[in-house]
$ cat coords-v6.txt   # compact mmCIF, C-alpha atoms
# COMPACT_ATOMS: atom_id res chain seq x y z
CA MET A 1 0.00 0.00 0.00
CA THR A 2 1.24 3.49 -0.87
CA SER A 3 1.96 5.09 2.49
CA ASP A 4 4.20 8.08 1.78
CA LYS A 5 2.76 11.32 3.07
CA PRO A 6 1.18 13.22 0.16
CA PRO A 7 3.18 16.20 -1.13
CA TYR A 8 2.47 19.83 -0.31
CA LEU A 9 0.68 21.25 -3.35
CA GLY A 10 0.14 24.88 -2.42
CA PHE A 11 -3.20 26.58 -3.06
CA GLY A 12 -5.96 24.93 -5.07
CA LEU A 13 -9.59 25.19 -6.14
CA GLY A 14 -12.44 22.79 -6.66
CA LEU A 15 -12.76 22.04 -10.37
CA ARG A 16 -16.20 23.14 -11.58
CA PRO A 17 -17.60 22.75 -15.13
CA GLN A 18 -18.36 26.48 -15.33
CA HIS A 19 -14.62 27.14 -15.31
CA TYR A 20 -13.30 24.42 -17.66
CA GLN A 21 -12.75 26.66 -20.66
CA GLU A 22 -11.28 29.53 -18.69
CA ILE A 23 -8.82 27.22 -16.99
CA LEU A 24 -7.72 25.66 -20.25
CA GLN A 25 -7.48 28.95 -22.11
CA GLY A 26 -6.00 31.10 -19.38
CA ASN A 27 -3.71 28.95 -17.24
CA PRO A 28 -4.79 30.84 -14.09
CA ALA A 29 -2.57 31.03 -11.01
CA ILE A 30 -4.00 27.96 -9.30
CA ASP A 31 -1.57 25.35 -8.01
CA TRP A 32 -3.87 22.32 -8.15
CA PHE A 33 -7.48 21.18 -8.47
CA GLU A 34 -9.76 18.99 -6.41
CA ILE A 35 -12.44 17.09 -8.31
CA ILE A 36 -15.69 15.65 -6.97
CA SER A 37 -14.94 11.99 -7.73
CA GLU A 38 -18.55 11.01 -8.42
CA ASN A 39 -18.88 13.59 -11.22
CA TYR A 40 -16.21 11.75 -13.20
CA MET A 41 -17.01 8.11 -12.41
CA ILE A 42 -18.22 7.49 -15.94
CA GLU A 43 -16.73 5.86 -19.01
CA GLY A 44 -16.59 8.86 -21.29
CA GLY A 45 -18.12 12.19 -22.14
CA GLN A 46 -17.15 15.81 -21.88
CA PRO A 47 -16.36 15.98 -18.13
CA LEU A 48 -13.70 13.27 -18.43
CA HIS A 49 -12.38 14.80 -21.64
CA MET A 50 -11.94 18.16 -19.90
CA LEU A 51 -10.44 16.52 -16.83
CA ASP A 52 -7.88 14.69 -18.97
CA GLN A 53 -6.72 18.02 -20.39
CA ILE A 54 -6.63 19.79 -17.04
CA ARG A 55 -4.70 17.04 -15.30
CA GLU A 56 -1.99 17.33 -17.93
CA ARG A 57 -1.33 20.85 -16.62
CA TYR A 58 -2.23 20.70 -12.93
CA PRO A 59 -1.96 18.22 -10.06
CA VAL A 60 -5.35 16.79 -9.19
CA VAL A 61 -6.77 15.25 -6.02
CA MET A 62 -10.01 13.26 -5.78
CA HIS A 63 -12.68 14.15 -3.23
CA GLY A 64 -15.71 11.88 -2.85
CA VAL A 65 -19.10 12.40 -1.25
CA SER A 66 -20.59 8.89 -1.35
CA LEU A 67 -18.13 6.52 0.31
CA SER A 68 -20.33 6.45 3.41
CA ILE A 69 -17.46 5.15 5.48
CA ALA A 70 -19.42 5.20 8.75
CA SER A 71 -22.56 3.54 7.40
CA THR A 72 -23.58 0.20 8.83
CA ALA A 73 -24.63 -0.83 5.32
CA PRO A 74 -22.10 -3.03 3.50
CA LEU A 75 -19.41 -1.20 1.57
CA ASP A 76 -20.54 -0.56 -2.00
CA MET A 77 -17.96 -2.51 -3.97
CA ASP A 78 -19.28 -1.25 -7.31
CA TYR A 79 -18.68 2.28 -6.10
CA LEU A 80 -15.22 1.41 -4.84
CA GLY A 81 -14.41 -0.30 -8.14
CA ALA A 82 -15.40 2.82 -10.07
CA LEU A 83 -13.40 4.97 -7.66
CA LYS A 84 -10.33 2.82 -8.18
CA THR A 85 -10.76 2.92 -11.95
CA LEU A 86 -10.98 6.70 -11.88
CA ALA A 87 -7.90 6.89 -9.66
CA GLY A 88 -6.05 4.76 -12.21
CA ARG A 89 -6.93 7.28 -14.90
CA VAL A 90 -6.40 10.49 -12.93
CA SER A 91 -3.39 9.54 -10.76
CA PRO A 92 -4.56 11.81 -7.94
CA LYS A 93 -2.12 12.97 -5.30
CA TRP A 94 -4.58 11.62 -2.75
CA ILE A 95 -8.17 10.41 -2.44
CA SER A 96 -10.43 11.89 0.20
CA ASP A 97 -13.98 11.54 1.44
CA HIS A 98 -15.93 12.45 4.56
CA LEU A 99 -16.03 10.98 8.02
CA CYS A 100 -19.77 10.43 7.92
CA TRP A 101 -22.48 8.18 6.50
CA THR A 102 -24.92 8.89 3.69
CA GLY A 103 -27.62 6.26 4.16
CA VAL A 104 -28.51 2.65 4.95
CA HIS A 105 -30.61 -0.02 3.23
CA GLY A 106 -29.52 1.01 -0.24
CA VAL A 107 -30.56 4.62 0.18
CA ASN A 108 -28.19 7.49 -0.54
CA LEU A 109 -29.56 10.64 1.05
CA HIS A 110 -26.82 12.71 -0.59
CA ASP A 111 -26.02 14.31 2.73
CA LEU A 112 -23.07 14.05 5.09
CA LEU A 113 -24.74 12.59 8.14
CA PRO A 114 -23.26 12.74 11.65
CA ILE A 115 -21.79 9.89 13.67
CA PRO A 116 -22.23 9.24 17.38
CA TYR A 117 -18.75 9.43 18.89
CA THR A 118 -18.79 6.03 20.55
CA GLU A 119 -16.31 3.16 20.83
CA GLU A 120 -18.67 1.06 18.72
CA ALA A 121 -18.69 3.63 15.92
CA LEU A 122 -14.93 4.02 16.19
CA ASP A 123 -14.31 0.28 15.81
CA HIS A 124 -16.73 0.18 12.90
CA VAL A 125 -15.15 3.10 11.03
CA VAL A 126 -11.58 1.94 11.64
CA ALA A 127 -12.38 -1.50 10.24
CA ARG A 128 -14.05 0.00 7.16
CA VAL A 129 -11.20 2.40 6.46
CA GLY A 130 -8.86 -0.58 6.57
CA GLN A 131 -11.00 -2.43 4.03
CA VAL A 132 -11.15 0.56 1.70
CA GLN A 133 -7.43 1.23 1.94
CA ASP A 134 -6.65 -2.41 1.20
CA PHE A 135 -8.94 -2.30 -1.82
CA LEU A 136 -7.57 0.97 -3.18
CA GLY A 137 -3.98 0.07 -2.33
CA ARG A 138 -3.41 3.49 -0.81
CA ARG A 139 -4.19 5.49 2.27
CA LEU A 140 -7.46 7.33 2.41
CA THR A 141 -7.85 10.93 3.55
CA LEU A 142 -10.88 11.68 5.71
CA GLU A 143 -12.55 15.02 6.32
CA ASN A 144 -14.38 16.23 9.42
CA VAL A 145 -17.93 17.28 8.49
CA SER A 146 -20.19 20.07 9.69
CA SER A 147 -22.97 18.79 11.91
CA TYR A 148 -26.20 20.15 13.32
CA VAL A 149 -27.06 17.62 16.03
CA THR A 150 -25.11 15.78 18.70
CA PHE A 151 -26.01 12.37 20.07
CA GLY A 152 -26.81 11.66 23.70
CA GLN A 153 -24.78 8.47 23.54
CA SER A 154 -21.49 10.06 22.38
CA GLU A 155 -18.60 9.07 24.62
CA MET A 156 -15.86 11.35 23.31
CA THR A 157 -15.36 14.65 21.53
CA GLU A 158 -15.33 14.89 17.76
CA TRP A 159 -11.61 15.65 17.67
CA GLU A 160 -10.85 12.65 19.88
CA PHE A 161 -12.88 10.49 17.52
CA VAL A 162 -11.23 11.90 14.39
CA SER A 163 -7.77 11.50 15.89
CA GLU A 164 -8.39 7.92 16.93
CA VAL A 165 -9.67 7.02 13.47
CA ALA A 166 -6.50 8.49 11.91
CA ARG A 167 -4.22 6.74 14.38
CA ARG A 168 -5.85 3.33 14.39
CA ALA A 169 -6.74 3.16 10.69
CA ASP A 170 -3.46 4.78 9.66
CA CYS A 171 -5.15 7.25 7.33
CA TRP A 172 -4.67 10.94 6.54
CA LEU A 173 -6.90 13.82 7.56
CA LEU A 174 -8.44 16.66 5.63
CA PHE A 175 -8.95 19.46 8.15
CA ASP A 176 -11.95 21.47 7.03
CA VAL A 177 -11.48 24.86 8.65
CA ASN A 178 -15.03 25.98 7.94
CA ASN A 179 -16.54 22.73 9.23
CA VAL A 180 -14.71 23.05 12.53
CA TYR A 181 -15.91 26.65 12.81
CA VAL A 182 -19.52 25.64 11.97
CA SER A 183 -19.66 22.67 14.33
CA ALA A 184 -17.96 24.63 17.12
CA PHE A 185 -20.67 27.29 16.82
CA ASN A 186 -23.50 24.77 16.56
CA HIS A 187 -22.35 22.60 19.46
CA GLU A 188 -20.59 25.24 21.52
CA PHE A 189 -17.19 23.67 21.74
CA SER A 190 -13.91 25.50 21.30
CA ALA A 191 -12.60 25.46 17.73
CA ASP A 192 -9.13 25.86 19.26
CA ASP A 193 -9.61 22.65 21.25
CA PHE A 194 -10.41 20.85 17.99
CA LEU A 195 -7.43 22.48 16.27
CA HIS A 196 -5.01 21.43 18.98
CA GLY A 197 -6.68 18.06 19.45
CA VAL A 198 -5.89 16.46 16.09
CA PRO A 199 -2.47 15.01 15.24
CA ARG A 200 -0.49 17.46 13.12
CA ASP A 201 1.41 14.79 11.24
CA ARG A 202 -1.84 13.32 9.83
CA VAL A 203 -3.24 16.48 8.23
CA VAL A 204 -2.55 16.72 4.49
CA GLN A 205 -5.17 19.20 3.30
CA PHE A 206 -7.26 22.17 4.41
CA HIS A 207 -10.66 23.14 3.09
CA VAL A 208 -11.84 26.71 3.47
CA ALA A 209 -15.41 27.65 2.54
CA GLY A 210 -18.38 29.91 3.16
CA HIS A 211 -21.54 29.09 5.07
CA SER A 212 -25.04 30.37 5.89
CA HIS A 213 -25.70 31.84 9.32
CA GLU A 214 -29.20 31.09 10.64
CA GLU A 215 -28.73 32.92 13.97
CA SER A 216 -29.13 29.90 16.27
CA HIS A 217 -27.05 27.65 14.03
CA ILE A 218 -24.82 27.73 10.97
CA ILE A 219 -25.35 25.61 7.86
CA ASP A 220 -22.40 24.53 5.74
CA THR A 221 -23.64 25.60 2.32
CA HIS A 222 -20.51 26.54 0.35
CA ASP A 223 -22.53 29.19 -1.44
CA HIS A 224 -20.90 32.32 -0.03
CA PRO A 225 -17.41 33.79 0.04
CA VAL A 226 -15.35 32.82 3.07
CA CYS A 227 -16.27 35.09 5.99
CA ASP A 228 -13.82 37.01 8.18
CA GLU A 229 -14.30 34.71 11.17
CA VAL A 230 -13.32 31.67 9.12
CA TRP A 231 -10.33 33.54 7.69
CA ASP A 232 -9.28 34.33 11.27
CA PHE A 233 -9.55 30.67 12.16
CA TYR A 234 -7.64 29.75 9.01
CA ARG A 235 -4.84 32.04 10.22
CA GLU A 236 -4.76 30.15 13.53
CA THR A 237 -4.89 26.85 11.67
CA VAL A 238 -1.92 27.69 9.45
CA THR A 239 0.01 28.98 12.46
CA HIS A 240 -0.56 25.65 14.20
CA PHE A 241 -0.07 23.20 11.34
CA GLY A 242 2.43 25.00 9.11
CA PRO A 243 2.28 24.63 5.32
CA VAL A 244 -0.61 22.36 4.32
CA SER A 245 -2.23 22.18 0.86
CA THR A 246 -5.17 24.57 1.01
CA MET A 247 -8.28 24.67 -1.13
CA ILE A 248 -11.27 27.02 -1.45
CA GLU A 249 -14.56 25.15 -1.80
CA ARG A 250 -17.54 26.64 -3.63
CA ASP A 251 -20.44 24.39 -4.62
CA ASP A 252 -23.30 26.79 -5.23
CA ASN A 253 -23.69 30.39 -6.43
CA ILE A 254 -20.44 29.72 -8.20
CA PRO A 255 -18.78 33.03 -9.13
CA PRO A 256 -16.44 33.79 -12.03
CA LEU A 257 -13.10 32.07 -11.71
CA ALA A 258 -11.33 35.38 -11.05
CA GLU A 259 -13.28 35.86 -7.80
CA LEU A 260 -12.24 32.44 -6.54
CA VAL A 261 -8.64 33.12 -7.54
CA ASP A 262 -8.83 36.32 -5.47
CA GLU A 263 -10.03 34.32 -2.47
CA LEU A 264 -7.26 31.84 -3.04
CA ASP A 265 -4.76 34.69 -3.13
CA HIS A 266 -6.11 35.83 0.21
CA ALA A 267 -5.43 32.38 1.67
CA ARG A 268 -1.97 32.49 0.13
CA SER A 269 -1.26 35.90 1.62
CA ILE A 270 -2.34 34.77 5.09
CA ALA A 271 -0.07 31.73 4.89
CA ARG A 272 2.80 33.87 3.61
CA GLU A 273 2.29 36.36 6.41
CA VAL A 274 2.11 33.68 9.10
CA LEU A 275 4.82 31.35 7.86
CA GLY A 276 7.04 33.55 5.74
CA GLU A 277 7.88 33.21 2.07
CA LYS A 278 10.87 30.97 2.68
CA ARG A 279 8.95 28.39 4.67
CA LEU A 280 6.23 28.23 2.04
CA GLU A 281 8.75 27.87 -0.76
CA ALA A 282 10.62 25.21 1.16
CA ALA A 283 7.42 23.21 1.49
CA GLU A 284 6.91 23.13 -2.29
CA MET B 285 -28.55 2.44 24.16
CA LYS B 286 -29.22 1.92 20.48
CA SER B 287 -26.61 0.17 18.36
CA LEU B 288 -25.01 2.20 15.57
CA LYS B 289 -27.14 0.30 13.06
CA GLU B 290 -30.36 1.04 14.93
CA LEU B 291 -29.37 4.67 15.35
CA GLN B 292 -28.71 5.11 11.63
CA GLU B 293 -32.00 3.44 10.73
CA THR B 294 -33.84 5.72 13.13
CA PHE B 295 -32.01 8.77 11.78
CA GLN B 296 -32.85 7.84 8.21
CA ARG B 297 -36.53 7.27 9.05
CA GLY B 298 -36.49 10.69 10.67
CA ILE B 299 -35.42 12.25 7.38
CA LEU B 300 -37.42 10.18 4.94
CA ALA B 301 -40.60 9.45 6.83
CA GLY B 302 -40.68 12.30 9.33
CA ASP B 303 -40.47 9.82 12.23
CA ASP B 304 -39.64 11.80 15.37
CA ALA B 305 -38.15 8.84 17.27
CA ILE B 306 -34.70 10.19 16.42
CA LEU B 307 -35.35 13.22 18.61
CA ALA B 308 -34.93 11.02 21.68
CA GLU B 309 -31.36 10.30 20.57
CA VAL B 310 -30.12 13.83 19.83
CA LYS B 311 -29.72 16.84 22.07
CA ASP B 312 -30.87 20.44 22.15
CA SER B 313 -28.07 22.95 21.77
CA ALA B 314 -27.87 25.91 24.11
CA LYS B 315 -29.28 28.07 21.33
CA GLU B 316 -31.78 25.80 19.58
CA LYS B 317 -34.22 22.93 20.07
CA ARG B 318 -33.32 19.53 18.68
CA ASN B 319 -36.31 19.37 16.33
CA VAL B 320 -35.11 22.54 14.60
CA LEU B 321 -31.56 21.24 14.39
CA PHE B 322 -32.63 17.86 13.05
CA GLY B 323 -34.86 19.79 10.67
CA VAL B 324 -31.72 20.96 8.86
CA TYR B 325 -31.29 17.39 7.61
CA ARG B 326 -34.97 17.01 6.76
CA ASN B 327 -35.12 20.30 4.91
CA ALA B 328 -31.90 19.59 3.07
CA TYR B 329 -33.37 16.34 1.77
CA VAL B 330 -36.54 18.00 0.53
CA ALA B 331 -34.60 20.95 -0.87
CA ARG B 332 -32.22 18.67 -2.72
CA LEU B 333 -35.05 16.65 -4.19
CA ALA B 334 -36.80 19.84 -5.31
CA GLU B 335 -33.56 21.13 -6.78
CA ILE B 336 -32.95 17.94 -8.71
CA LEU B 337 -36.49 18.01 -10.06
CA GLY B 338 -36.07 21.67 -10.96
CA ASP B 339 -32.82 20.92 -12.81
CA ASP B 340 -34.17 17.89 -14.61
CA TYR B 341 -37.52 19.44 -15.55
CA GLU B 342 -36.39 22.98 -16.23
CA GLN B 343 -38.86 23.60 -19.06
CA LEU B 344 -41.76 22.25 -17.03
CA HIS B 345 -40.70 24.51 -14.15
CA SER B 346 -40.56 27.44 -16.50
CA TYR B 347 -43.98 26.60 -17.96
CA LEU B 348 -45.73 26.09 -14.61
CA GLY B 349 -43.97 28.91 -12.75
CA ASP B 350 -42.59 28.63 -9.21
CA GLN B 351 -45.93 28.10 -7.50
CA GLY B 352 -47.25 25.56 -9.96
CA PHE B 353 -43.99 23.67 -9.95
CA ALA B 354 -43.90 23.77 -6.14
CA ARG B 355 -47.32 22.11 -6.07
CA LEU B 356 -46.08 19.43 -8.45
CA VAL B 357 -42.96 18.82 -6.38
CA LYS B 358 -45.06 18.60 -3.22
CA ALA B 359 -47.31 16.03 -4.85
CA TYR B 360 -44.25 14.07 -5.98
CA ILE B 361 -42.53 14.13 -2.62
CA ALA B 362 -45.61 13.23 -0.54
CA PRO B 363 -45.79 9.52 -1.47
CA ILE B 364 -42.03 9.19 -1.06
CA ARG B 365 -42.16 10.56 2.46
CA GLN B 366 -45.05 8.24 3.29
CA THR B 367 -43.42 5.09 1.99
CA SER B 368 -39.70 5.56 2.10
CA GLY B 369 -39.25 4.60 5.72
CA ALA B 370 -39.57 1.09 4.41
CA ARG B 371 -36.57 -1.05 3.65
CA GLY B 372 -34.95 -0.85 0.30
CA GLY B 373 -36.34 2.50 -0.71
CA SER B 374 -38.26 1.08 -3.64
CA GLY B 375 -39.17 3.60 -6.24
CA VAL B 376 -41.85 6.05 -6.85
CA THR B 377 -41.51 6.96 -10.50
CA PHE B 378 -42.71 9.68 -12.74
CA PRO B 379 -45.64 8.73 -14.94
CA PRO B 380 -44.67 7.17 -18.27
CA SER B 381 -45.45 10.39 -20.11
CA SER B 382 -42.46 12.02 -18.45
CA GLY B 383 -40.29 9.43 -20.12
CA LYS B 384 -38.08 9.19 -17.09
CA ALA B 385 -38.14 6.86 -14.11
CA ARG B 386 -36.34 8.00 -11.01
CA PRO B 387 -35.09 5.59 -8.38
CA THR B 388 -36.27 7.15 -5.19
CA PRO B 389 -35.82 7.96 -2.41
CA SER B 390 -32.14 7.70 -3.07
CA ILE B 391 -32.39 10.67 -5.45
CA GLU B 392 -29.74 9.25 -7.71
CA ARG B 393 -28.28 11.74 -10.14
CA PRO B 394 -26.91 10.52 -13.42
CA PRO B 395 -23.15 10.33 -13.07
CA ASN B 396 -22.52 13.05 -15.62
CA SER B 397 -24.87 15.46 -13.94
CA PRO B 398 -23.70 18.87 -12.76
CA ASN B 399 -21.61 19.08 -9.66
CA TRP B 400 -22.76 17.56 -6.46
CA ARG B 401 -23.95 20.29 -4.17
CA ARG B 402 -23.88 20.87 -0.47
CA PRO B 403 -26.99 20.93 1.67
CA SER B 404 -28.75 24.20 1.15
CA PRO B 405 -31.26 25.84 3.44
CA MET B 406 -33.18 27.01 0.37
CA PRO B 407 -33.49 25.12 -2.90
CA SER B 408 -32.16 27.00 -5.86
CA THR B 409 -35.35 26.26 -7.78
CA GLY B 410 -36.95 29.06 -5.81
CA LEU B 411 -39.05 26.49 -3.98
CA THR B 412 -38.60 27.15 -0.30
CA PRO B 413 -39.15 24.37 2.23
CA SER B 414 -42.03 26.31 3.70
CA ARG B 415 -43.75 26.37 0.35
CA LEU B 416 -43.21 22.66 0.05
CA ALA B 417 -44.34 21.87 3.59

$ encode --input "coords-v6.txt" --output "structure tokens"
Amino acid sequence: MTSDKPPYLGFGLGLRPQHYQEILQGNPAIDWFEIISENYMIEGGQPLHMLDQIRERYPVVMHGVSLSIASTAPLDMDYLGALKTLAGRVSPKWISDHLCWTGVHGVNLHDLLPIPYTEEALDHVVARVGQVQDFLGRRLTLENVSSYVTFGQSEMTEWEFVSEVARRADCWLLFDVNNVYVSAFNHEFSADDFLHGVPRDRVVQFHVAGHSHEESHIIDTHDHPVCDEVWDFYRETVTHFGPVSTMIERDDNIPPLAELVDELDHARSIAREVLGEKRLEAAE
Amino acid sequence: MKSLKELQETFQRGILAGDDAILAEVKDSAKEKRNVLFGVYRNAYVARLAEILGDDYEQLHSYLGDQGFARLVKAYIAPIRQTSGARGGSGVTFPPSSGKARPTPSIERPPNSPNWRRPSPMPSTGLTPSRLA
């Protein structure tokens, strides 16, 4: 199994169809792209054709939304087969998905559903990550999700759970800065406790995104620019972790590419300010 | 204490069938009641379904207008929410005249569909959850 820590890639964006042509015609200042795996798990067509061209110019990572690693339903081997086939074609720097479940009994609710932080759930997830990693022949990267409810039966904090999954399953972590901020607000824990509670050597990617504030709770919608509070937390995150591949996520109300590049430049400037040019260059 | 499997089944029934048993398993936050917080998942499901229908039947949406299309979506979702707590999630389909069967309630998108989207508090079709309720 491939176990080397993934390389530092710099500052990337989610690849969205609205931007295909602009990316190919303009070679914008974006270091790498993250694709939604499921949108390319097909045998042909325009999306794959565009992806083939883009991956000739930029490093690409794969980010899935349907692995359902915490589901008690059996692993979907057809899905995993298609994921592995796509990975063979794309040669991603890493493959990520979410630490969540998406349904049981053959249903995919297309949502990132929360897990009770129990020993039972931990054992279950660790075993499944092992199965997936064996099948893919590489380590998986798992992302913390935003959540809106907590379970009465939880026995540990989210960051304890996430850390134990990474340690016991020997996988990487995608630290979603916005998701930590959202869940910290919703469940009234300290985002700093989460930040300092996960193992630094496991984190290979950051996500930064916008959200919708509903007064009593925040919903992770990825349809707004990143807000100042999340940028502040990103600054703390970079200070704590050092150089980690960073990506801006936008999934709805997708603006022109130039606006996302501006946001990416803001992330880059924060990292440069916190870490210094030399440290960033050394990481590349 | 429920097993993980039982908890996930209860959670899923809470979203698909509106079964409130899940509320005994989750907690209020200091700022909000648990039914409102769990409602984020319920609303996201309905919103996503409405959005998918709006995307797939854009011309029909345009022809009927927001209110007419909202009524159609409501009529479509109602039998799903009544039956989809059952195992397997067997399908409600569009009538043959639509020329398109949809495996529900899993809301499968064709693999070459536009990007997967995050949960949204409001469907981009202009159909708000309250109008669908």

$ atom_distance --input "coords-v6.txt" --atom1 "atom CA of A:Ala73" --atom2 "atom CA of A:Val104"
5.2 Å

$ closest_residue --input "coords-v6.txt" --among "A:Ser68, A:His110, A:Lys84, A:Arg16" --to "B:Leu333" --atoms "only C-alpha atoms"
A:His110

$ interface_residues --input "coords-v6.txt" --of "chain A" --to "chain B" --cutoff "7 Å" --atoms "all atoms listed in the file" --output "PDB file with C-alpha atoms, keeping the file's coordinate frame"
ATOM      1  CA  GLU A  38     -18.550  11.010  -8.420  1.00  0.00           C
ATOM      2  CA  ASN A  39     -18.880  13.590 -11.220  1.00  0.00           C
ATOM      3  CA  TYR A  40     -16.210  11.750 -13.200  1.00  0.00           C
ATOM      4  CA  MET A  41     -17.010   8.110 -12.410  1.00  0.00           C
ATOM      5  CA  ILE A  42     -18.220   7.490 -15.940  1.00  0.00           C
ATOM      6  CA  THR A  72     -23.580   0.200   8.830  1.00  0.00           C
ATOM      7  CA  GLY A 103     -27.620   6.260   4.160  1.00  0.00           C
ATOM      8  CA  VAL A 104     -28.510   2.650   4.950  1.00  0.00           C
ATOM      9  CA  HIS A 105     -30.610  -0.020   3.230  1.00  0.00           C
ATOM     10  CA  GLY A 106     -29.520   1.010  -0.240  1.00  0.00           C
ATOM     11  CA  VAL A 107     -30.560   4.620   0.180  1.00  0.00           C
ATOM     12  CA  ASN A 108     -28.190   7.490  -0.540  1.00  0.00           C
ATOM     13  CA  LEU A 109     -29.560  10.640   1.050  1.00  0.00           C
ATOM     14  CA  ASP A 111     -26.020  14.310   2.730  1.00  0.00           C
ATOM     15  CA  ALA A 121     -18.690   3.630  15.920  1.00  0.00           C
ATOM     16  CA  TYR A 148     -26.200  20.150  13.320  1.00  0.00           C
ATOM     17  CA  VAL A 149     -27.060  17.620  16.030  1.00  0.00           C
ATOM     18  CA  THR A 150     -25.110  15.780  18.700  1.00  0.00           C
ATOM     19  CA  PHE A 151     -26.010  12.370  20.070  1.00  0.00           C
ATOM     20  CA  GLY A 152     -26.810  11.660  23.700  1.00  0.00           C
ATOM     21  CA  HIS A 187     -22.350  22.600  19.460  1.00  0.00           C
ATOM     22  CA  SER A 216     -29.130  29.900  16.270  1.00  0.00           C
ATOM     23  CA  THR A 221     -23.640  25.600   2.320  1.00  0.00           C
ATOM     24  CA  HIS A 222     -20.510  26.540   0.350  1.00  0.00           C
ATOM     25  CA  ASP A 251     -20.440  24.390  -4.620  1.00  0.00           C
ATOM     26  CA  ASP A 252     -23.300  26.790  -5.230  1.00  0.00           C
TER      27      ASP A 252
END

$ residues_around --input "coords-v6.txt" --residues "stretch 273-278 of chain A" --least-positions-apart "4" --cutoff "10 Å" --atoms "only C-alpha atoms" --output "list in words"
Arg235, Glu236, Val238, Thr239, His240, Gly242, Pro243, Ala267, Arg268, Ser269, Ala282 and Ala283 of chain A

$ atom_distance --input "coords-v6.txt" --atom1 "atom CA of A:Glu263" --atom2 "atom CA of A:Leu195"
22.3 Å

$ atom_distance --input "coords-v6.txt" --atom1 "atom CA of A:Asn186" --atom2 "atom CA of A:Ser245"
26.6 Å

$ residues_around --input "coords-v6.txt" --residues "A:Met156" --least-positions-apart "2" --cutoff "9 Å" --atoms "only C-alpha atoms" --output "MDAnalysis selection string"
chainID A and resid 116:119 154 158:161

$ write_last_selection --input "coords-v6.txt" --atoms "C-alpha atoms" --output "PDB file, in the frame of the given file"
ATOM      1  CA  PRO A 116     -22.230   9.240  17.380  1.00  0.00           C
ATOM      2  CA  TYR A 117     -18.750   9.430  18.890  1.00  0.00           C
ATOM      3  CA  THR A 118     -18.790   6.030  20.550  1.00  0.00           C
ATOM      4  CA  GLU A 119     -16.310   3.160  20.830  1.00  0.00           C
ATOM      5  CA  SER A 154     -21.490  10.060  22.380  1.00  0.00           C
ATOM      6  CA  GLU A 158     -15.330  14.890  17.760  1.00  0.00           C
ATOM      7  CA  TRP A 159     -11.610  15.650  17.670  1.00  0.00           C
ATOM      8  CA  GLU A 160     -10.850  12.650  19.880  1.00  0.00           C
ATOM      9  CA  PHE A 161     -12.880  10.490  17.520  1.00  0.00           C
TER      10      PHE A 161
END

$ residues_around --input "coords-v6.txt" --residues "stretch 18-32 of chain A" --least-positions-apart "6" --cutoff "10 Å" --atoms "all atoms listed in the file" --output "JSON, numbers by chain"
{"A": [9, 10, 11, 12, 47, 50, 51, 53, 54, 55, 57, 58, 59, 60, 61, 93, 245, 246, 247, 254, 255, 256, 257, 258, 260, 261, 262, 264, 265], "B": [398, 399]}
